[in-house]
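Shown here: input.cif, mmCIF, C-alpha atoms.
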```cif
data_work
loop_
_atom_site.group_PDB
_atom_site.id
_atom_site.type_symbol
_atom_site.label_atom_id
_atom_site.label_comp_id
_atom_site.auth_asym_id
_atom_site.auth_seq_id
_atom_site.Cartn_x
_atom_site.Cartn_y
_atom_site.Cartn_z
ATOM 1 C CA ALA A 1 -13.350 22.592 5.622
ATOM 2 C CA ASN A 2 -16.725 21.802 4.013
ATOM 3 C CA HIS A 3 -18.043 21.056 7.501
ATOM 4 C CA ASN A 4 -16.403 24.008 9.293
ATOM 5 C CA LYS A 5 -13.939 21.760 11.116
ATOM 6 C CA PRO A 6 -10.308 22.727 11.697
ATOM 7 C CA PRO A 7 -7.783 20.880 9.529
ATOM 8 C CA LEU A 8 -6.229 17.753 10.975
ATOM 9 C CA GLN A 9 -2.505 17.634 11.597
ATOM 10 C CA PHE A 10 -0.717 15.706 8.824
ATOM 11 C CA PRO A 11 1.071 13.260 11.209
ATOM 12 C CA LYS A 12 -2.322 12.136 12.575
ATOM 13 C CA ILE A 13 -3.652 11.540 9.068
ATOM 14 C CA ARG A 14 -0.450 9.744 8.030
ATOM 15 C CA GLN A 15 -0.757 7.283 10.922
ATOM 16 C CA SER A 16 -4.387 6.459 10.047
ATOM 17 C CA VAL A 17 -4.430 6.464 6.253
ATOM 18 C CA SER A 18 -3.506 2.769 5.898
ATOM 19 C CA GLN A 19 -6.765 1.887 7.623
ATOM 20 C CA GLY A 20 -8.757 3.432 4.765
ATOM 21 C CA SER A 21 -11.643 5.835 4.388
ATOM 22 C CA ARG A 22 -13.573 4.559 7.391
ATOM 23 C CA ALA A 23 -10.663 5.308 9.715
ATOM 24 C CA LEU A 24 -10.212 8.757 8.180
ATOM 25 C CA VAL A 25 -13.871 9.684 8.696
ATOM 26 C CA THR A 26 -13.687 8.434 12.278
ATOM 27 C CA LEU A 27 -10.539 10.481 12.848
ATOM 28 C CA ALA A 28 -11.826 13.656 11.191
ATOM 29 C CA PHE A 29 -15.272 13.733 12.773
ATOM 30 C CA SER A 30 -14.769 11.775 16.011
ATOM 31 C CA ILE A 31 -17.720 9.527 15.189
ATOM 32 C CA THR A 32 -18.245 5.796 14.810
ATOM 33 C CA GLU A 33 -19.754 3.916 11.891
ATOM 34 C CA ALA A 34 -23.014 3.786 13.869
ATOM 35 C CA ASP A 35 -23.434 7.543 13.476
ATOM 36 C CA GLN A 36 -26.145 8.334 10.910
ATOM 37 C CA ARG A 37 -23.818 10.823 9.174
ATOM 38 C CA PHE A 38 -21.009 8.312 8.731
ATOM 39 C CA GLU A 39 -21.800 6.874 5.291
ATOM 40 C CA SER A 40 -22.581 10.236 3.697
ATOM 41 C CA LEU A 41 -19.328 11.665 5.085
ATOM 42 C CA ARG A 42 -17.430 8.652 3.776
ATOM 43 C CA ASP A 43 -19.051 9.033 0.348
ATOM 44 C CA GLU A 44 -18.062 12.693 0.345
ATOM 45 C CA LEU A 45 -14.473 11.820 1.283
ATOM 46 C CA LEU A 46 -14.225 9.205 -1.464
ATOM 47 C CA GLU A 47 -15.625 11.604 -4.059
ATOM 48 C CA LEU A 48 -13.084 14.261 -3.057
ATOM 49 C CA TYR A 49 -10.342 11.645 -3.104
ATOM 50 C CA SER A 50 -11.251 10.465 -6.609
ATOM 51 C CA GLN A 51 -11.111 14.074 -7.848
ATOM 52 C CA HIS A 52 -7.656 14.631 -6.343
ATOM 53 C CA LEU A 53 -5.968 11.233 -6.710
ATOM 54 C CA ALA A 54 -2.691 12.489 -8.097
ATOM 55 C CA VAL A 55 -2.693 16.190 -7.279
ATOM 56 C CA GLU A 56 0.283 15.949 -4.914
ATOM 57 C CA THR A 57 0.914 12.214 -5.168
ATOM 58 C CA VAL A 58 4.444 11.096 -5.957
ATOM 59 C CA PRO A 59 6.292 7.848 -5.283
ATOM 60 C CA PHE A 60 8.382 7.730 -2.117
ATOM 61 C CA PRO A 61 11.973 8.914 -2.669
ATOM 62 C CA GLY A 62 14.015 6.172 -4.288
ATOM 63 C CA ILE A 63 11.057 4.261 -5.759
ATOM 64 C CA ASP A 64 11.463 5.646 -9.308
ATOM 65 C CA GLU A 65 15.087 4.480 -9.339
ATOM 66 C CA LEU A 66 14.163 1.067 -7.930
ATOM 67 C CA LEU A 67 11.423 0.538 -10.520
ATOM 68 C CA GLY A 68 13.787 1.684 -13.278
ATOM 69 C CA TRP A 69 16.339 -0.923 -12.163
ATOM 70 C CA LEU A 70 13.666 -3.649 -12.017
ATOM 71 C CA ASP A 71 12.493 -2.688 -15.517
ATOM 72 C CA ASN A 72 16.077 -2.682 -16.878
ATOM 73 C CA GLU A 73 16.666 -6.138 -15.383
ATOM 74 C CA SER A 74 13.324 -7.379 -16.793
ATOM 75 C CA LEU A 75 12.214 -8.264 -13.275
ATOM 76 C CA PRO A 76 8.419 -8.120 -12.996
ATOM 77 C CA TRP A 77 6.922 -6.015 -10.242
ATOM 78 C CA GLY A 78 3.363 -5.387 -9.234
ATOM 79 C CA ILE A 79 1.014 -4.046 -6.632
ATOM 80 C CA VAL A 80 -1.351 -5.846 -4.277
ATOM 81 C CA THR A 81 -3.522 -3.327 -2.484
ATOM 82 C CA ASN A 82 -6.649 -3.151 -0.387
ATOM 83 C CA LYS A 83 -7.522 0.033 -2.297
ATOM 84 C CA PRO A 84 -10.477 -0.531 -4.674
ATOM 85 C CA ARG A 85 -9.586 -0.574 -8.377
ATOM 86 C CA ALA A 86 -11.713 2.542 -8.975
ATOM 87 C CA TYR A 87 -9.010 4.491 -7.091
ATOM 88 C CA ALA A 88 -5.897 2.356 -7.627
ATOM 89 C CA GLN A 89 -6.020 2.134 -11.439
ATOM 90 C CA PRO A 90 -6.500 5.868 -12.112
ATOM 91 C CA LEU A 91 -3.682 6.612 -9.665
ATOM 92 C CA LEU A 92 -1.312 4.240 -11.482
ATOM 93 C CA ASP A 93 -2.389 5.765 -14.791
ATOM 94 C CA ALA A 94 -1.739 9.296 -13.533
ATOM 95 C CA LEU A 95 1.723 8.294 -12.282
ATOM 96 C CA LYS A 96 2.436 6.622 -15.648
ATOM 97 C CA LEU A 97 3.095 3.267 -13.993
ATOM 98 C CA SER A 98 0.271 1.180 -15.474
ATOM 99 C CA THR A 99 2.157 -0.070 -18.514
ATOM 100 C CA ARG A 100 5.225 -0.942 -16.421
ATOM 101 C CA CYS A 101 3.344 -2.804 -13.689
ATOM 102 C CA SER A 102 3.054 -6.575 -14.266
ATOM 103 C CA THR A 103 0.008 -6.899 -12.038
ATOM 104 C CA LEU A 104 -2.399 -4.844 -9.986
ATOM 105 C CA VAL A 105 -4.568 -6.833 -7.596
ATOM 106 C CA CYS A 106 -7.352 -4.989 -5.777
ATOM 107 C CA PRO A 107 -10.163 -6.170 -3.478
ATOM 108 C CA ASP A 108 -12.439 -6.245 -6.531
ATOM 109 C CA ASP A 109 -10.359 -9.115 -7.946
ATOM 110 C CA VAL A 110 -10.500 -11.544 -5.013
ATOM 111 C CA SER A 111 -12.846 -12.949 -2.390
ATOM 112 C CA GLN A 112 -10.324 -12.416 0.459
ATOM 113 C CA THR A 113 -8.140 -9.335 0.958
ATOM 114 C CA LYS A 114 -4.785 -8.968 2.706
ATOM 115 C CA PRO A 115 -3.615 -10.438 5.000
ATOM 116 C CA HIS A 116 -5.106 -13.481 3.262
ATOM 117 C CA ALA A 117 -2.809 -15.144 0.713
ATOM 118 C CA GLU A 118 -5.375 -15.092 -2.108
ATOM 119 C CA PRO A 119 -4.488 -11.665 -3.579
ATOM 120 C CA MET A 120 -0.776 -12.434 -3.307
ATOM 121 C CA LEU A 121 -1.160 -15.720 -5.157
ATOM 122 C CA LEU A 122 -3.258 -14.072 -7.867
ATOM 123 C CA ALA A 123 -0.557 -11.438 -8.343
ATOM 124 C CA CYS A 124 2.068 -14.166 -8.756
ATOM 125 C CA GLN A 125 -0.101 -15.966 -11.268
ATOM 126 C CA GLN A 126 -0.650 -12.783 -13.292
ATOM 127 C CA ALA A 127 3.067 -11.899 -13.192
ATOM 128 C CA SER A 128 4.075 -15.489 -14.045
ATOM 129 C CA VAL A 129 6.258 -15.885 -10.959
ATOM 130 C CA LYS A 130 6.293 -18.394 -8.129
ATOM 131 C CA PRO A 131 5.423 -17.124 -4.638
ATOM 132 C CA GLU A 132 8.616 -18.623 -3.205
ATOM 133 C CA HIS A 133 10.581 -16.512 -5.729
ATOM 134 C CA THR A 134 8.694 -13.340 -4.815
ATOM 135 C CA VAL A 135 9.542 -10.574 -2.381
ATOM 136 C CA TYR A 136 6.694 -8.468 -0.989
ATOM 137 C CA LEU A 137 7.291 -5.002 0.443
ATOM 138 C CA GLY A 138 4.823 -3.402 2.800
ATOM 139 C CA ASP A 139 4.258 -0.603 5.257
ATOM 140 C CA HIS A 140 1.565 -2.330 7.304
ATOM 141 C CA ARG A 141 1.482 -5.477 9.425
ATOM 142 C CA ARG A 142 -1.162 -7.010 7.122
ATOM 143 C CA ASP A 143 1.268 -6.681 4.178
ATOM 144 C CA ILE A 144 3.927 -8.717 5.937
ATOM 145 C CA GLU A 145 1.348 -11.261 7.116
ATOM 146 C CA ALA A 146 -0.020 -11.571 3.568
ATOM 147 C CA GLY A 147 3.449 -12.135 2.155
ATOM 148 C CA ARG A 148 4.225 -14.771 4.783
ATOM 149 C CA ASN A 149 0.831 -16.427 4.235
ATOM 150 C CA ALA A 150 1.742 -16.801 0.554
ATOM 151 C CA ALA A 151 5.249 -18.196 1.315
ATOM 152 C CA MET A 152 6.988 -15.043 0.046
ATOM 153 C CA LYS A 153 9.967 -13.255 1.537
ATOM 154 C CA THR A 154 8.944 -9.941 3.079
ATOM 155 C CA ILE A 155 10.466 -6.497 3.520
ATOM 156 C CA ALA A 156 8.955 -4.039 5.999
ATOM 157 C CA VAL A 157 9.504 -0.466 4.844
ATOM 158 C CA ASN A 158 9.928 2.035 7.663
ATOM 159 C CA TYR A 159 9.342 4.996 5.345
ATOM 160 C CA GLY A 160 5.663 4.226 4.704
ATOM 161 C CA TYR A 161 2.441 4.999 6.532
ATOM 162 C CA ILE A 162 3.386 3.325 9.806
ATOM 163 C CA GLU A 163 0.929 3.419 12.695
ATOM 164 C CA ALA A 164 2.578 4.758 15.864
ATOM 165 C CA HIS A 165 1.236 1.934 18.036
ATOM 166 C CA ASP A 166 2.550 -0.845 15.743
ATOM 167 C CA PRO A 167 6.212 -0.396 14.710
ATOM 168 C CA THR A 168 7.621 -2.574 11.946
ATOM 169 C CA THR A 169 9.883 -4.395 14.405
ATOM 170 C CA ASN A 170 6.758 -6.176 15.693
ATOM 171 C CA TRP A 171 5.799 -7.602 12.296
ATOM 172 C CA GLN A 172 8.310 -10.448 11.887
ATOM 173 C CA ALA A 173 9.366 -9.424 8.402
ATOM 174 C CA ASP A 174 12.378 -11.107 6.831
ATOM 175 C CA TYR A 175 14.050 -7.740 6.184
ATOM 176 C CA TYR A 176 13.620 -4.074 7.118
ATOM 177 C CA VAL A 177 14.592 -0.922 5.224
ATOM 178 C CA ASN A 178 14.467 2.729 6.175
ATOM 179 C CA HIS A 179 14.618 4.117 2.625
ATOM 180 C CA ALA A 180 13.688 2.754 -0.784
ATOM 181 C CA SER A 181 17.277 3.318 -1.926
ATOM 182 C CA GLU A 182 18.282 0.342 0.271
ATOM 183 C CA ILE A 183 16.072 -2.183 -1.520
ATOM 184 C CA GLN A 184 18.139 -2.865 -4.649
ATOM 185 C CA ALA A 185 21.268 -3.717 -2.658
ATOM 186 C CA LEU A 186 19.232 -5.880 -0.271
ATOM 187 C CA LEU A 187 17.770 -7.822 -3.199
ATOM 188 C CA LEU A 188 21.148 -8.289 -4.883
ATOM 189 C CA GLU A 189 22.782 -9.380 -1.633
ATOM 190 C CA ASN A 190 20.102 -11.839 -0.490
ATOM 191 C CA PHE A 191 18.396 -13.176 -3.603
ATOM 192 C CA SER A 192 19.367 -14.824 -6.849
ATOM 193 C CA ILE A 193 18.411 -12.140 -9.381
ATOM 194 C CA GLN A 194 18.089 -13.535 -12.892
#
```
Represent the structure from my file as structure tokens, please.
Amino acid sequence: ANHNKPPLQFPKIRQSVSQGSRALVTLAFSITEADQRFESLRDELLELYSQHLAVETVPFPGIDELLGWLDNESLPWGIVTNKPRAYAQPLLDALKLSTRCSTLVCPDDVSQTKPHAEPMLLACQQASVKPEHTVYLGDHRRDIEAGRNAAMKTIAVNYGYIEAHDPTTNWQADYYVNHASEIQALLLENFSIQ
């Protein structure tokens, strides 16, 4: 709107958002990173994003119940994201999840990001769990690859920000769910929960 462009359709944004701010600028303005306007548009997007981190942000349906169960069972959970800490931490704070989360690993914390195993292994270290006793959920191919690279079991979530050209069935995850409400039963059925 600031640049007199028509709004993008939500499904188009949803399919690109996992690729980050660079993909969103490319989508919104039909330009490449070589365009001289690119970095200033990206800076503008990130500033707007930081001002509106939790305006309409809520966990996916079923996530609150899942996290409540994990907390009640004293099972540590955490987040490994390619989102910089400057955006991830305030979002967790706004959603009142920071004190419940055993670990938050962002690109700022590691030399290699997902799909590399390094952030996954750091998360395990911070949460005091072994990778082979960890299950990683993700809505992008790189999440599943990162989990596999760290010797974790993986769950591909079909309810996330899935790119149309890369369905979860192509990712070779150990398990697949269509709704977060399916995760607790899957964990109880397939893993030794202690």
**Message:** Assuming the chain letters and numbering stay as they are in my file, what does the PyMOL selection byres ((chain A and resi 177-183) around 6) actually select? List them as a PyMOL selection string.
**Reply:** chain A and resi 62-63+157-159+176+184-186
Please determine an axis-aligned box that encloses all atoms of segment 35-50 of chain A listed in the file, with 4 Å added on each side, and express its centre and edge lengths in Å to one decimal as JSON.
```
{"center_x": -18.2, "center_y": 10.6, "center_z": 3.4, "size_x": 23.8, "size_y": 15.4, "size_z": 28.1}
```
**Selection as a ChimeraX atom specification: residues within 12 Å of (1.8, 12.7, -5.9), counting all atoms listed in the file** = /A:52-61,91-92,94-96
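Each of A:Ser74, A:Tyr161, A:Lys153, A:Asp64 was compared to Gly20 of chain A using all atoms listed in the file, and A:Tyr161 turns out to be the nearest.
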**Request:** Write out as a ChimeraX atom specification the residues lying within 9 Å of Cys101 of chain A, counting all atoms listed in the file and excluding same-chain residues fewer than 4 positions away.
**Result:** /A:76-79,92,97
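Excluding Met120 of chain A and any residue on its chain fewer than 3 positions from it, the residues at most 7 Å away by only C-alpha atoms are Val80, Ala117, Ala123, Cys124, Ala146, Gly147 and Ala150 of chain A.
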Selection above as a file: C-alpha atoms, as a PDB file, in the coordinates of the input:
```
ATOM      1  CA  VAL A  80      -1.351  -5.846  -4.277  1.00  0.00           C
ATOM      2  CA  ALA A 117      -2.809 -15.144   0.713  1.00  0.00           C
ATOM      3  CA  ALA A 123      -0.557 -11.438  -8.343  1.00  0.00           C
ATOM      4  CA  CYS A 124       2.068 -14.166  -8.756  1.00  0.00           C
ATOM      5  CA  ALA A 146      -0.020 -11.571   3.568  1.00  0.00           C
ATOM      6  CA  GLY A 147       3.449 -12.135   2.155  1.00  0.00           C
ATOM      7  CA  ALA A 150       1.742 -16.801   0.554  1.00  0.00           C
TER       8      ALA A 150
END
```
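Atom pair atom CA of Leu46 of chain A / atom CA of Phe10 of chain A: separated by 18.2 Å.
Proximity to Glu33 of chain A was assessed for A:Lys5, A:Arg141, A:Ser21, A:Ser111 counting only C-alpha atoms; the smallest distance is recorded for A:Ser21.
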Which residues are close to Gln51 of chain A, i.e. within 12 Å by only C-alpha atoms, leaving aside same-chain residues fewer than 6 positions away? Reply as a PDB file with C-alpha atoms, in the frame of the given file.
```pdb
ATOM      1  CA  GLU A  44     -18.062  12.693   0.345  1.00  0.00           C
ATOM      2  CA  LEU A  45     -14.473  11.820   1.283  1.00  0.00           C
ATOM      3  CA  ALA A  86     -11.713   2.542  -8.975  1.00  0.00           C
ATOM      4  CA  TYR A  87      -9.010   4.491  -7.091  1.00  0.00           C
ATOM      5  CA  PRO A  90      -6.500   5.868 -12.112  1.00  0.00           C
ATOM      6  CA  LEU A  91      -3.682   6.612  -9.665  1.00  0.00           C
ATOM      7  CA  ALA A  94      -1.739   9.296 -13.533  1.00  0.00           C
TER       8      ALA A  94
END
```
**Prompt:** Can you tell me, as an MDAnalysis selection string, which residues sit within 12 Å of (5.3, 3.5, 14.2) in the file's frame, using all atoms listed in the file?
**Reply:** chainID A and resid 11:12 14:16 139:141 156:171
**Request:** Calculate how many Å separate atom CA of Glu47 of chain A from atom CA of Gln89 of chain A, rounding to one decimal.
**Result:** 15.4 Å
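Taking atom CA of Ile144 of chain A and atom CA of Tyr49 of chain A as endpoints, the distance between them is 26.5 Å.
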**All residues 12 Å or closer to Leu122 of chain A, all atoms listed in the file, same chain fewer than 6 positions away omitted, as a VMD selection string** = chain A and resid 78 to 80 102 to 107 109 to 114 116 128 to 131 150
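When all atoms listed in the file are used to measure the gap to Glu145 of chain A, the shortest distance among A:Leu41, A:Ala127, A:Leu8, A:Ala173 belongs to A:Ala173.
Using all atoms listed in the file for every distance, the candidate list A:Ile13, A:Phe38, A:Ile155, A:Gln126 yields A:Phe38 as the residue closest to Val25 of chain A.
Closest approach to Asp43 of chain A among A:Leu24, A:Ser30, A:Asp71, A:Gly138 is made by A:Leu24 (distances from all atoms listed in the file).
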